Structures are given as structure tokens and as C-alpha cells.
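Shown next: data.txt, containing compact mmCIF, C-alpha atoms.
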# COMPACT_ATOMS: atom_id res chain seq x y z
CA GLY V 176 42.85 123.09 138.69
CA ARG V 177 45.29 124.98 136.47
CA LEU V 178 48.02 127.43 137.47
CA GLY V 179 50.14 129.65 135.22
CA ALA V 180 52.97 131.95 136.31
CA THR V 181 54.93 134.60 134.42
CA LEU V 182 57.87 135.98 136.39
CA ALA V 183 60.00 138.57 134.57
CA THR V 184 61.57 140.60 137.38
CA SER V 185 64.21 142.12 135.12
CA GLN V 186 61.36 143.63 133.05
CA PHE V 187 59.36 144.64 136.16
CA TYR V 188 56.52 142.29 135.22
CA GLY V 189 54.76 139.40 136.89
CA ALA V 190 51.46 137.56 136.53
CA ILE V 191 49.70 134.63 138.17
CA ALA V 192 46.57 133.00 136.74
CA ALA V 193 44.49 130.20 138.27
CA ASP V 194 41.50 128.32 136.85
CA ALA V 195 38.99 125.82 138.17
CA ILE V 196 38.08 123.75 135.11
CA VAL V 197 35.23 121.29 134.58
CA SER V 198 35.32 118.95 131.57
CA ALA V 199 33.02 116.21 130.33
CA SER V 200 32.92 113.91 127.32
CA TYR V 201 30.46 111.35 125.97
CA SER V 202 31.25 108.45 123.67
CA LEU V 203 29.12 107.99 120.57
CA TRP V 204 28.77 104.37 119.38
CA GLY V 205 32.42 103.70 120.19
CA ARG V 206 33.52 105.67 117.09
CA GLY V 207 33.06 109.27 118.14
CA GLU V 208 32.97 111.64 121.07
CA ILE V 209 31.44 114.94 122.05
CA PHE V 210 33.07 117.03 124.75
CA ALA V 211 32.87 120.33 126.61
CA THR V 212 35.15 122.28 128.92
CA VAL V 213 34.34 125.36 131.00
CA GLU V 214 36.63 127.57 133.05
CA ALA V 215 34.16 127.66 135.94
CA PHE V 216 36.31 130.22 137.79
CA HIS V 217 39.20 132.29 136.48
CA PHE V 218 41.50 134.44 138.63
CA GLU V 219 44.39 136.58 137.43
CA TYR V 220 46.78 138.96 139.17
CA VAL V 221 49.14 141.11 137.11
CA GLN V 222 51.77 143.64 138.15
CA ASN V 223 53.73 145.83 135.73
CA ALA V 224 56.20 147.97 137.70
CA THR V 225 53.90 149.83 140.15
CA ILE V 226 50.64 149.13 138.29
CA LYS V 227 48.61 146.20 139.65
CA GLY V 228 45.41 144.54 138.49
CA THR V 229 43.21 141.67 139.62
CA THR V 230 40.27 140.01 137.87
CA ALA V 231 38.05 137.06 138.71
CA GLY V 232 34.95 135.46 137.20
CA LEU V 233 33.67 132.95 134.68
CA GLY V 234 36.10 131.92 131.92
CA GLN V 235 35.66 130.48 128.44
CA LEU V 236 33.45 127.57 127.40
CA THR V 237 34.53 125.23 124.60
CA VAL V 238 32.49 122.47 122.96
CA GLY V 239 33.49 120.04 120.26
CA GLY V 240 33.67 116.54 118.92
CA SER V 241 35.87 113.94 117.28
CA VAL V 242 35.42 110.79 115.22
CA VAL V 243 37.64 107.76 114.67
CA ALA V 244 38.51 107.78 110.98
CA VAL V 245 41.15 105.02 111.10
CA ALA V 246 41.56 102.17 113.60
CA HIS V 247 43.98 99.54 112.30
CA ARG V 248 46.75 97.48 113.95
CA GLY V 249 47.19 99.75 116.94
CA LEU V 250 46.93 102.98 114.95
CA THR V 251 44.03 105.35 115.59
CA ILE V 252 43.49 108.59 113.65
CA SER V 253 40.75 111.03 114.64
CA PRO V 254 39.86 114.42 113.15
CA TYR V 255 38.41 116.82 115.69
CA LEU V 256 36.63 120.17 115.85
CA ARG V 257 36.25 122.53 118.81
CA VAL V 258 34.44 125.88 119.18
CA MET V 259 35.13 128.48 121.90
CA LEU V 260 32.06 130.45 122.98
CA PRO V 261 32.21 134.06 124.30
CA THR V 262 31.27 133.28 127.91
CA ALA V 263 34.10 134.97 129.85
CA THR V 264 33.09 137.73 132.28
CA THR V 265 36.65 138.80 133.14
CA THR V 266 36.89 141.05 130.06
CA PRO V 267 33.61 143.00 130.25
CA HIS V 268 34.20 145.11 127.13
CA VAL V 269 35.39 142.28 124.88
CA ARG V 270 33.85 138.89 124.09
CA THR V 271 36.35 136.39 122.72
CA LEU V 272 35.28 133.55 120.45
CA GLY V 273 37.25 131.09 118.38
CA GLY V 274 37.68 127.58 117.08
CA GLU V 275 40.14 124.79 116.38
CA MET V 276 40.21 121.87 114.00
CA GLY V 277 42.83 119.24 113.40
CA ILE V 278 43.83 115.60 113.43
CA ALA V 279 44.99 113.49 116.38
CA ALA V 280 46.78 110.15 116.13
CA ASP V 281 47.75 107.39 118.55
CA LEU V 282 50.02 104.43 117.83
CA ARG V 283 50.49 101.53 120.26
CA PRO V 284 53.52 99.46 119.24
CA LEU V 285 53.60 97.80 122.70
CA THR V 286 51.03 97.16 125.40
CA VAL V 287 52.88 99.46 127.83
CA LEU V 288 53.89 102.12 125.28
CA SER V 289 51.98 104.48 123.02
CA ILE V 290 53.01 107.33 120.74
CA HIS V 291 50.59 110.19 120.18
CA GLY V 292 50.39 113.56 118.49
CA TYR V 293 48.13 116.10 116.90
CA ALA V 294 48.28 119.07 114.53
CA GLY V 295 45.66 121.65 113.68
CA VAL V 296 44.67 125.24 113.06
CA ASP V 297 43.10 127.55 115.65
CA THR V 298 41.70 131.07 115.53
CA THR V 299 40.25 133.70 117.88
CA ALA V 300 38.59 137.08 117.48
CA GLY V 301 37.26 139.70 119.87
CA ILE V 302 33.75 141.18 119.72
CA SER V 303 33.87 144.78 120.93
CA ALA V 304 33.49 148.38 119.80
CA GLY V 305 36.91 148.16 118.17
CA PRO V 306 38.46 145.91 115.49
CA ALA V 307 38.05 142.14 115.92
CA LEU V 308 41.84 141.52 115.79
CA GLN V 309 41.46 137.99 114.47
CA ARG V 310 44.45 135.71 114.98
CA VAL V 311 45.24 132.33 113.43
CA GLY V 312 47.73 129.85 114.81
CA VAL V 313 49.02 126.32 114.30
CA PRO V 314 49.07 124.04 117.39
CA ALA V 315 50.87 120.70 117.42
CA ALA V 316 52.24 118.16 119.86
CA LEU V 317 54.14 114.89 119.89
CA GLY V 318 54.64 112.59 122.86
CA ILE V 319 54.84 109.12 124.38
CA VAL V 320 53.05 107.39 127.24
CA TYR V 321 54.71 104.62 129.25
CA ALA V 322 52.45 102.59 131.52
CA PRO V 323 54.53 100.07 133.50
CA ALA V 324 51.59 99.23 135.77
CA THR V 325 47.80 99.23 135.51
CA TRP V 326 47.61 102.03 138.11
CA PHE V 327 50.41 104.32 136.87
CA ALA V 328 51.62 105.94 133.65
CA VAL V 329 54.01 108.73 132.71
CA ALA V 330 53.67 110.91 129.60
CA VAL V 331 56.34 113.09 128.01
CA ASP V 332 55.26 115.62 125.38
CA LEU V 333 56.65 118.39 123.24
CA LYS V 334 53.94 121.02 122.77
CA LEU V 335 54.28 123.55 119.94
CA HIS V 336 52.40 126.57 118.69
CA PHE V 337 53.17 128.80 115.71
CA ASN V 338 52.00 132.02 114.05
CA TYR V 339 49.46 133.19 116.66
CA ILE V 340 51.36 136.15 118.13
CA ALA V 341 54.77 135.41 116.57
CA PRO V 342 56.33 132.98 114.08
CA VAL V 343 57.07 130.73 117.09
CA ASP V 344 54.62 131.18 119.96
CA TYR V 345 56.09 128.51 122.20
CA VAL V 346 58.07 125.30 122.35
CA ALA V 347 57.19 123.64 125.64
CA PRO V 348 58.37 120.28 126.96
CA ALA V 349 55.72 118.77 129.26
CA LEU V 350 55.57 115.96 131.79
CA ALA V 351 52.44 114.22 133.12
CA LEU V 352 52.07 111.66 135.91
CA ARG V 353 48.85 109.63 135.81
CA PHE V 354 47.47 107.51 138.62
CA ARG V 355 44.42 105.25 138.83
CA ILE V 356 43.10 105.61 142.37
CA VAL V 357 40.29 103.11 141.92
CA ARG V 358 38.82 101.50 138.83
CA THR V 359 36.90 104.58 137.64
CA LEU V 360 38.78 107.38 139.45
CA ASN V 361 41.97 108.86 138.00
CA LEU V 362 44.42 111.54 139.11
CA GLU V 363 46.79 113.41 136.79
CA LEU V 364 49.51 116.01 137.41
CA ASP V 365 50.83 117.95 134.41
CA ALA V 366 53.61 120.54 134.12
CA ALA V 367 54.98 122.43 131.10
CA VAL V 368 57.81 124.95 130.72
CA PRO V 369 58.10 127.06 127.54
CA VAL V 370 61.77 127.08 126.51
CA ALA V 371 61.50 129.06 123.26
CA GLY V 372 59.11 131.42 121.50
CA ALA V 373 57.21 134.59 122.30
CA ASP V 374 55.17 133.09 125.19
CA ARG V 375 56.36 134.62 128.47
CA HIS V 376 55.06 131.97 130.87
CA THR V 377 57.64 130.77 133.35
CA ALA V 378 55.69 127.56 133.98
CA LEU V 379 52.20 126.04 133.75
CA ALA V 380 50.79 123.23 135.87
CA MET V 381 47.50 121.34 136.15
CA LEU V 382 46.09 118.88 138.67
CA SER V 383 43.02 117.01 137.46
CA ILE V 384 40.70 114.33 138.84
CA GLY V 385 38.66 112.27 136.40
CA TYR V 386 35.70 109.94 136.96
CA ARG V 387 34.48 107.54 134.28
CA PHE V 388 30.95 106.15 134.31
What does this structure look like when you write it as C-alpha cells?
Amino acid sequence: GRLGATLATSQFYGAIAADAIVSASYSLWGRGEIFATVEAFHFEYVQNATIKGTTAGLGQLTVGGSVVAVAHRGLTISPYLRVMLPTATTTPHVRTLGGEMGIAADLRPLTVLSIHGYAGVDTTAGISAGPALQRVGVPAALGIVYAPATWFAVAVDLKLHFNYIAPVDYVAPALALRFRIVRTLNLELDAAVPVAGADRHTALAMLSIGYRF
């Protein structure tokens, strides 16, 4: 489950968006991975002064893959590629498609501590009767994970995005709490707050349950 809120009362604007998301991934020979994510249900409520709007339906589907290019002395480097398919029904006159490619890295200097990050390029375009309005951005992140116990870990990240709608789209510190309920069942709570950039979100949060088999 994902929740996003934009509260700008001084500008007579507010929006709430909620998504039910299903993700799956499959390991390939221990060196690669294929994955997919679908916004199985998307809901959004927006109010601008006295104008209100609500939409609900199927969201976007993304599919992709990654491969381990380097695995040496605790350092793992993996290039990845992801494609967004035009599956959303909440914008009936526009079909949005896009893609992202980049490199992710993870360094484990200690058993209980890891440092991770990624950088890439993403793009979207709209298929409609009008211009495609293609946009290109640069996503990046840097963070650490501290796991003091086998059943608990905390992650702190700095998420960044540039050049998509403005020179700086957002600078968002994020915190994640991860719990292992049983051996193959995990629970994670994430929250991020954009503190700079053109993004108007007040806060974003996600609660996810993962099962490994």
C-alpha cells in the first residue's frame, strides 16, 4: 500500500493518492533478476479551490531486469533496465509509457551495515491526440542499512531526482523500518518527505509485506 499527500492550503490546493501495489521478482542463476510491479488499484482525490476531482482504476505496469556485473569483497554492482507499459485506466485520453536504466551498487563493510545507492536516466511520454510531451529525468539515491538483529533493520536514504519537470525535481530524505515476521515473511514501513525541489508532495508513505519462496 502506498499513500501520497499534497497539502498546500495557502495555494488553495490539496491532493491525496493511494495505490495497492503488487510486485514480484525471480532470480536467474544467482546472477540476475527479472521483476514486475503493477499498481493494481489507483485512487486519487484532488481539490483546487472549489474544483474537485476523483479518479480510480488500474495504474501503471512496469517490467524489468538486472544483472550482477561485479561481486567482489562485499561490493556488488548491478546495471538495471525497467520499462513502463501504458496500462493505466485513470487517464482515458492519454496512455503513458516510459523507461529507466541505470546502475545500482551495494557495499557491505560490516555484517550489520551496508551502503547502497543508484543513479540512472528515466523518461516518459504520453500517447494521445496531442503532442507526446516526452520528459527525461535523472534519478539517484544514496543510503545505509543498519541491521542490529536478524529480525530488524533500519534504512536511511536520500532520494534525488533532477531535470524531469525542473532542474531539481525533489530532494527527499527517507526512513524505512524492516521487520522479519517469520523466516520468509517480511514487513516494511517507508516514509519520505521532499524538502527541496519542484515536487509539491507533503509526504509519501508505503507499507509493504513480502513473501520469499
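Taking only C-alpha atoms, the non-local environment of V:Ile196 within 12 Å (same-chain residues fewer than 3 positions away omitted) comprises Gly176, Arg177, Leu178, Ala193, Ala199, Ala211, Thr212, Val213, Glu214, Ala215, Phe216, His217, Phe218, Leu233, Gly234, Gln235, Leu236, Thr237, Met381, Leu382, Ser383, Ile384 and Gly385 of chain V.
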Mind writing the picked residues with C-alpha atoms as an mmCIF file, in the coordinates of the input?
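Full text of part-v7.cif as output:
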data_model
loop_
_atom_site.group_PDB
_atom_site.id
_atom_site.type_symbol
_atom_site.label_atom_id
_atom_site.label_comp_id
_atom_site.auth_asym_id
_atom_site.auth_seq_id
_atom_site.Cartn_x
_atom_site.Cartn_y
_atom_site.Cartn_z
ATOM 1 C CA GLY V 176 42.850 123.090 138.690
ATOM 2 C CA ARG V 177 45.290 124.980 136.470
ATOM 3 C CA LEU V 178 48.020 127.430 137.470
ATOM 4 C CA ALA V 193 44.490 130.200 138.270
ATOM 5 C CA ALA V 199 33.020 116.210 130.330
ATOM 6 C CA ALA V 211 32.870 120.330 126.610
ATOM 7 C CA THR V 212 35.150 122.280 128.920
ATOM 8 C CA VAL V 213 34.340 125.360 131.000
ATOM 9 C CA GLU V 214 36.630 127.570 133.050
ATOM 10 C CA ALA V 215 34.160 127.660 135.940
ATOM 11 C CA PHE V 216 36.310 130.220 137.790
ATOM 12 C CA HIS V 217 39.200 132.290 136.480
ATOM 13 C CA PHE V 218 41.500 134.440 138.630
ATOM 14 C CA LEU V 233 33.670 132.950 134.680
ATOM 15 C CA GLY V 234 36.100 131.920 131.920
ATOM 16 C CA GLN V 235 35.660 130.480 128.440
ATOM 17 C CA LEU V 236 33.450 127.570 127.400
ATOM 18 C CA THR V 237 34.530 125.230 124.600
ATOM 19 C CA MET V 381 47.500 121.340 136.150
ATOM 20 C CA LEU V 382 46.090 118.880 138.670
ATOM 21 C CA SER V 383 43.020 117.010 137.460
ATOM 22 C CA ILE V 384 40.700 114.330 138.840
ATOM 23 C CA GLY V 385 38.660 112.270 136.400
#
Worksheet item: Which residue, V:Ala324, V:Leu256, V:Ala315, V:Ile302, has the smallest gap to V:Leu288 when you use only C-alpha atoms?
Response: V:Ala324
Worksheet item: For the point (54.9, 129.9, 119.8) in file coordinates, what residues are within 12 Å, counting only C-alpha atoms? Give the answer as an MDAnalysis selection string?
Response: chainID V and resid 311:315 334:347 369:376
Worksheet item: Any idea what's packed within 8 Å of V:Gly179, counting all atoms listed in the file, ignoring anything in its chain fewer than 4 positions away? Could you give it as number ranges by chain?
Response: V: 191-193, 376-380
Practice prompt. Excluding V:Ser202 and residues on its chain fewer than 2 positions from it, collect all residues at most 12 Å away from it, counting all atoms listed in the file, and give them as a PyMOL selection string.
Written response: chain V and resi 199-200+204-210+240-243+387-388
Discussion item. I need the residue nearest V:Asp332 from this list: V:Gly318, V:Pro254, V:Gly249, V:Gly189. Use only C-alpha atoms for the distance.
Written reply: V:Gly318
Discussion item. Using only C-alpha atoms for the distances, tell me which of V:Leu260, V:Ala190, V:Ser198, V:Thr181 is nearest to V:Thr229.
Written reply: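 For V:Thr229, the nearest of the given residues is V:Ala190.
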Worksheet item: Which protein, DNA or RNA residues have an atom at most 10 Å from (54.1, 112.4, 131.8), counting only C-alpha atoms? List them as a PyMOL selection string.
Response: chain V and resi 318-322+328-332+349-353+363-366
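One distance worth recording is that between atom CA of V:Ala195 and atom CA of V:Ala263, which is 13.3 Å.
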Worksheet entry | Of the listed residues V:Arg257, V:Arg310, V:His291, V:Arg355, that which approaches V:Gly277 most closely, counting all atoms listed in the file | V:Arg257
Response to the item:
Taken to one decimal, the atom CA of V:Ala246-atom CA of V:Leu282 distance is 9.7 Å
Item to complete: Find the residue from V:Ile226, V:Leu317, V:Ala307, V:Leu285 that sits nearest to V:Leu272; use all atoms listed in the file when measuring.
Response: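 Counting all atoms listed in the file, the residue closest to V:Leu272 is V:Ala307.
Taking atom CA of V:Val221 and atom CA of V:Thr262 as the two end points, the separation is 21.6 Å.
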Discussion item. Neighbouring residues of V:Tyr293 were defined as those with any atom within 6 Å, considering only C-alpha atoms; residues of the same chain fewer than 2 positions away were excluded. Please report them as a count of residues only.
Written reply: 4
